[in-house]
Amino acid sequence: MSAEREARLMRQDEKYPLRRVEAAIGVGLPLAEAPKRIKADYGINVTTLARQSEMEVAELARLLETRLLEGAYPWLNSVVIQGPFLNLKLEMGVFGTEVIDQVLKMGGDYGEENIGKGKIVAIDMSSPNIAKRMSYGHLRSTIIGDALANLYKAQGYEPIRDNHLGDWGTQFGNLIVAIKKWGNEPELMESSDPIGVLQDLYVKFHTRMEAEKDAHKISIKKVLIEEGAAAIPGLSEAIRRRTQDLIKKKKIPDEKLIIEDAINQLAESDLETEGREWFLRLEQGDPEAKRLWKMCINMSMREFDKVYSTLGVKFDVSLGESFYEDKMAGVIDEVRTSGVGRQSEGALVVDMNDKGLGVAIVQKSDGATLYMTRDLACALYREAKMGAKKAIYVVGEDQQLYFKQLFEILKRLGHPIGEESEHVYFGLVRLAEGKMSTRRGRTILLKDVIEEGLNRADKVLGDRNHERVDPEMRSKIVRQIAVGALKWNDLGQDPRKPIVFDWDKALKLEGCSAPYVQYAGVRARHILEASGVDIKVSNFDTKNTAGLFASESEKDLIKAIAGYPETVAEARSSNNPSRLAAHLYEIAKRFNLFYNSTPVIRTEDPRLKESRIKLVAASLQVIFNGLAILGIEIPVAM
RNA sequence: GUCCCCAUAGCUCAACGGACAGAGCAGAGGUUUCCUAAACCUCCGAUGGAGGUUCAAUUCCUCCUGGGGACACCA
């Protein structure tokens, strides 16, 4: 349990009713919902606490029972000691009224807390590469990052969504070479799919390059076969190690493998050389290089913005890697003069072997910069200019070591942002055939997934006759459902797990899915509309609550609503939106149970009817708030 | 070779070290004169292996097996 939560458990003045119950027990232990078969609402196991205070378990339980009973709390029905458990039954009329009242009072703010106290957190997210189509993998970073930003906002932080575009690097040299050799600029400008054209050029470049390399390999091979691997200069240590590993695992003859690796290392293509030269020209501000580069960026951003608009994701800043180009000299200087880095084999490196983090290169031996240089500059910029105290990088798990290195270097340079920053990694998206690869043309395109999602949602919506739905509204509903389903696929499970892409799973429209939760919201909204009650008003008669919320389904629903604020807190502190998604599913499920078993508008007793309408209103509000954090909307009809 | 993730039902996923391991899909059966059946109910079904720590282990530690990833001039 976090220290944060422990502190909250002791505060009697908490605004959230469940926390007040926990505070009344006064031992800093969280309440858990009792399992169904136990006839109680909440329980705590006092074993650990008894040990700590050197008391008998039973003795402590009795002590706490007495304390609770002496408090004469109106929300408390009874306390039952069962083994090491202290179980509480609540007076649900009173407790439920307090919970619902709180929800209706706070409205869209229900669940919020000011943990962050305005602390600025930069969220490094989405980060697609210019001139490449967005693949399904980019979706993960985008929507997990967006959900995290919303979570931090709800907890009183000040998130900055930063789209760290991949708009710089050697690949632009390659791309320029490809455009010049095989491209047709007027056609490119008018193409309906300019990124596709650019990407094809990029793929062509790689294919040709590989072919050239293969040709070189044949000639190199001749020399090698005559003179042997021992004659090869410059075999890097990494290749030697990898080779040994392969030999051990697959038992391939030593000499042959070394030859293969050496050939790969030595064979350089002319295209490769040309690409490197063009990137150098770009770095030096060559007008032609700059013009082509800028053209690629403009075409790409138009495409990306369409996707972001469909997903409903907005960025606070979109500072690509190129933005940090003129800020790199300072970083390199800082690394050098601080003594954190040293020269090695001509490159500027930081040795972190003492921490088991190996060696990271900050500047190449030819003086060029790389990813690490740009990320260091970026972190320092966020700290100094944006006032960020913390950065969260939503990037794939294959870069775990890299980010550990980045944070360690920042720490060594004495920048506090290095201490606080986190790499929220997500498992890579794989296809049944293997890892996705742009170069091999083996990807799931985000726009295809979105399109398929729209088709499926449209089909399921079918021709249900919603009299209020005009065609324009219908397409909005279809989009809300499809995007919801897509987001849920990522946010509904622990992002760390690698996923094998599956159409049916990615666009699930029933069961544990966004549409399920959205549907519960739609049902709730329609009850409220039919009831004609102003749901914004919180005007419970708190003195006359006897007999309200007496059914199991009402009690269960109230408990789920009462537990919502703590779930938001947990989801944020663990950087895991799936905790929130799981809770929303639980609320929706309990709402559906309630919906199926309990009449609302048709309730005879006006007092009971009013209480149920308010329970429906509170349910809708919580579902709405939670889905909003996940970036999912509730349609007007489904 | 070193390091990092992961392993739960036929499949996809849950479970702050705590009560009889929960869902969804698939399979079998049921529920619409009643606030939308994208819903609800019933049944069937699981912690990779061996040790250890603990009052208590799916959860923590060690080893093994099986997947994925990383390890100097890519991003």
# chains A, B, ... in the order shown; residues from 1 in each chain; ligands from 1
>>> interface_residues(of="chain A", to="chain B", cutoff="8 Å", atoms="only C-alpha atoms (C1' of nucleotides)", output="ChimeraX atom specification")
/A:1,35,45,238,241,244-245,347,356,358-361,363-365,371,397-401,460,493,497,505,509-512,515-516,519,523,526-527,530,592-593,596,599-602,638
>>> residues_around(residues="region 27-31 of chain B", least_positions_apart="5", cutoff="9 Å", atoms="only C-alpha atoms (C1' of nucleotides)", output="PyMOL selection string")
chain B and resi 40-44
>>> residues_around(residues="Tyr73 (chain A)", least_positions_apart="5", cutoff="12 Å", atoms="only C-alpha atoms (C1' of nucleotides)", output="JSON list (two decimals) with C-alpha atoms, in the first residue's frame")
[["chain", "number", "residue", "atom", "x", "y", "z"],
["A", 20, "ARG", "CA", -14.68, 8.23, 6.06],
["A", 21, "VAL", "CA", -15.70, 4.68, 6.95],
["A", 24, "ALA", "CA", -13.57, 5.61, 11.50],
["A", 25, "ILE", "CA", -11.85, 2.27, 12.01],
["A", 67, "ARG", "CA", -14.48, 1.47, 18.81],
["A", 68, "LEU", "CA", -16.83, 1.33, 15.84],
["A", 78, "SER", "CA", -23.43, -4.11, 12.39],
["A", 79, "VAL", "CA", -19.93, -5.43, 12.97],
["A", 88, "LEU", "CA", -18.91, -4.45, 8.46],
["A", 89, "LYS", "CA", -22.50, -4.34, 7.34],
["A", 90, "LEU", "CA", -23.52, -0.87, 6.36],
["A", 91, "GLU", "CA", -26.83, 0.88, 6.70],
["A", 94, "VAL", "CA", -27.57, 6.17, 4.85],
["A", 95, "PHE", "CA", -24.29, 5.21, 3.19]]
>>> atom_distance(atom1="CA of Asn163 (chain A)", atom2="CA of Leu454 (chain A)")
25.6 Å
>>> atom_distance(atom1="CA of Phe304 (chain A)", atom2="CA of Gly631 (chain A)")
17.9 Å
>>> decode(residues="region 1-73 of chain B", atoms="C-alpha atoms (C1' of nucleotides)", output="PDB file, in the first residue's frame")
ATOM      1  C1'   G B   1      27.716 -14.892 -22.147  1.00  0.00           C
ATOM      2  C1'   U B   2      25.049 -10.852 -19.181  1.00  0.00           C
ATOM      3  C1'   C B   3      20.607  -8.292 -18.127  1.00  0.00           C
ATOM      4  C1'   C B   4      15.102  -7.178 -18.489  1.00  0.00           C
ATOM      5  C1'   C B   5       9.945  -8.790 -19.237  1.00  0.00           C
ATOM      6  C1'   C B   6       6.371 -12.911 -19.451  1.00  0.00           C
ATOM      7  C1'   A B   7       3.965 -18.059 -18.186  1.00  0.00           C
ATOM      8  C1'   U B   8      -3.366 -18.628 -14.627  1.00  0.00           C
ATOM      9  C1'   A B   9      -9.712 -22.417 -17.874  1.00  0.00           C
ATOM     10  C1'   G B  10      -9.638 -24.763 -25.030  1.00  0.00           C
ATOM     11  C1'   C B  11      -8.617 -19.125 -26.339  1.00  0.00           C
ATOM     12  C1'   U B  12      -7.919 -13.688 -24.527  1.00  0.00           C
ATOM     13  C1'   C B  13      -7.316 -11.407 -19.905  1.00  0.00           C
ATOM     14  C1'   A B  14      -8.163 -10.250 -13.876  1.00  0.00           C
ATOM     15  C1'   A B  15      -6.740 -10.964  -8.834  1.00  0.00           C
ATOM     16  C1'   C B  16      -2.420  -3.655  -2.797  1.00  0.00           C
ATOM     17  C1'   G B  17       0.957 -11.029   0.382  1.00  0.00           C
ATOM     18  C1'   G B  18      -4.978 -12.269   2.704  1.00  0.00           C
ATOM     19  C1'   A B  19     -11.684 -15.175   2.859  1.00  0.00           C
ATOM     20  C1'   C B  20     -13.802 -20.933  -1.726  1.00  0.00           C
ATOM     21  C1'   A B  21      -8.446 -17.703  -7.984  1.00  0.00           C
ATOM     22  C1'   G B  22     -12.559 -13.673 -10.928  1.00  0.00           C
ATOM     23  C1'   A B  23     -14.284 -12.111 -16.100  1.00  0.00           C
ATOM     24  C1'   G B  24     -14.977 -12.326 -21.434  1.00  0.00           C
ATOM     25  C1'   C B  25     -14.915 -15.463 -25.821  1.00  0.00           C
ATOM     26  C1'   A B  26     -15.819 -20.419 -27.465  1.00  0.00           C
ATOM     27  C1'   G B  27     -19.276 -24.847 -25.932  1.00  0.00           C
ATOM     28  C1'   A B  28     -24.379 -26.707 -23.603  1.00  0.00           C
ATOM     29  C1'   G B  29     -29.118 -24.832 -21.920  1.00  0.00           C
ATOM     30  C1'   G B  30     -32.529 -20.860 -20.652  1.00  0.00           C
ATOM     31  C1'   U B  31     -34.698 -15.230 -20.435  1.00  0.00           C
ATOM     32  C1'   U B  32     -38.121 -10.084 -24.550  1.00  0.00           C
ATOM     33  C1'   U B  33     -46.884  -8.436 -23.492  1.00  0.00           C
ATOM     34  C1'   C B  34     -42.223  -5.006 -18.687  1.00  0.00           C
ATOM     35  C1'   C B  35     -36.975   1.805 -18.423  1.00  0.00           C
ATOM     36  C1'   U B  36     -32.992  -0.673 -25.733  1.00  0.00           C
ATOM     37  C1'   A B  37     -31.293  -8.575 -25.812  1.00  0.00           C
ATOM     38  C1'   A B  38     -24.313  -4.747 -27.806  1.00  0.00           C
ATOM     39  C1'   A B  39     -28.172  -7.216 -22.101  1.00  0.00           C
ATOM     40  C1'   C B  40     -29.457 -11.056 -18.217  1.00  0.00           C
ATOM     41  C1'   C B  41     -29.420 -16.214 -15.849  1.00  0.00           C
ATOM     42  C1'   U B  42     -27.558 -21.563 -15.333  1.00  0.00           C
ATOM     43  C1'   C B  43     -23.839 -25.305 -16.468  1.00  0.00           C
ATOM     44  C1'   C B  44     -18.789 -26.829 -18.164  1.00  0.00           C
ATOM     45  C1'   G B  45     -13.755 -25.541 -17.157  1.00  0.00           C
ATOM     46  C1'   A B  46      -7.244 -23.047 -14.729  1.00  0.00           C
ATOM     47  C1'   U B  47      -2.303 -21.047 -11.195  1.00  0.00           C
ATOM     48  C1'   G B  48       4.393 -24.601 -16.334  1.00  0.00           C
ATOM     49  C1'   G B  49       8.035 -27.754 -12.845  1.00  0.00           C
ATOM     50  C1'   A B  50      11.080 -28.193  -8.115  1.00  0.00           C
ATOM     51  C1'   G B  51      12.450 -25.938  -3.656  1.00  0.00           C
ATOM     52  C1'   G B  52      12.371 -21.719  -0.019  1.00  0.00           C
ATOM     53  C1'   U B  53      10.396 -17.268   3.062  1.00  0.00           C
ATOM     54  C1'   U B  54       5.453 -16.433   5.678  1.00  0.00           C
ATOM     55  C1'   C B  55       0.145 -17.430  10.361  1.00  0.00           C
ATOM     56  C1'   A B  56      -1.104 -16.908   4.936  1.00  0.00           C
ATOM     57  C1'   A B  57       2.009 -17.244  -1.863  1.00  0.00           C
ATOM     58  C1'   U B  58      -1.030 -16.682  -8.448  1.00  0.00           C
ATOM     59  C1'   U B  59       1.624 -12.599  -5.950  1.00  0.00           C
ATOM     60  C1'   C B  60       8.143 -12.382  -2.701  1.00  0.00           C
ATOM     61  C1'   C B  61      13.243 -15.321  -3.274  1.00  0.00           C
ATOM     62  C1'   U B  62      16.364 -19.398  -5.837  1.00  0.00           C
ATOM     63  C1'   C B  63      16.840 -22.936  -9.657  1.00  0.00           C
ATOM     64  C1'   C B  64      14.696 -25.463 -14.069  1.00  0.00           C
ATOM     65  C1'   U B  65      11.679 -25.481 -18.588  1.00  0.00           C
ATOM     66  C1'   G B  66       9.338 -22.657 -22.395  1.00  0.00           C
ATOM     67  C1'   G B  67       8.305 -17.724 -24.999  1.00  0.00           C
ATOM     68  C1'   G B  68       9.647 -12.395 -26.019  1.00  0.00           C
ATOM     69  C1'   G B  69      13.193  -8.325 -25.788  1.00  0.00           C
ATOM     70  C1'   A B  70      17.942  -5.714 -25.072  1.00  0.00           C
ATOM     71  C1'   C B  71      23.339  -5.526 -24.772  1.00  0.00           C
ATOM     72  C1'   A B  72      28.778   0.943 -28.961  1.00  0.00           C
ATOM     73  C1'   C B  73      28.270   4.641 -33.031  1.00  0.00           C
TER      74        C B  73
END
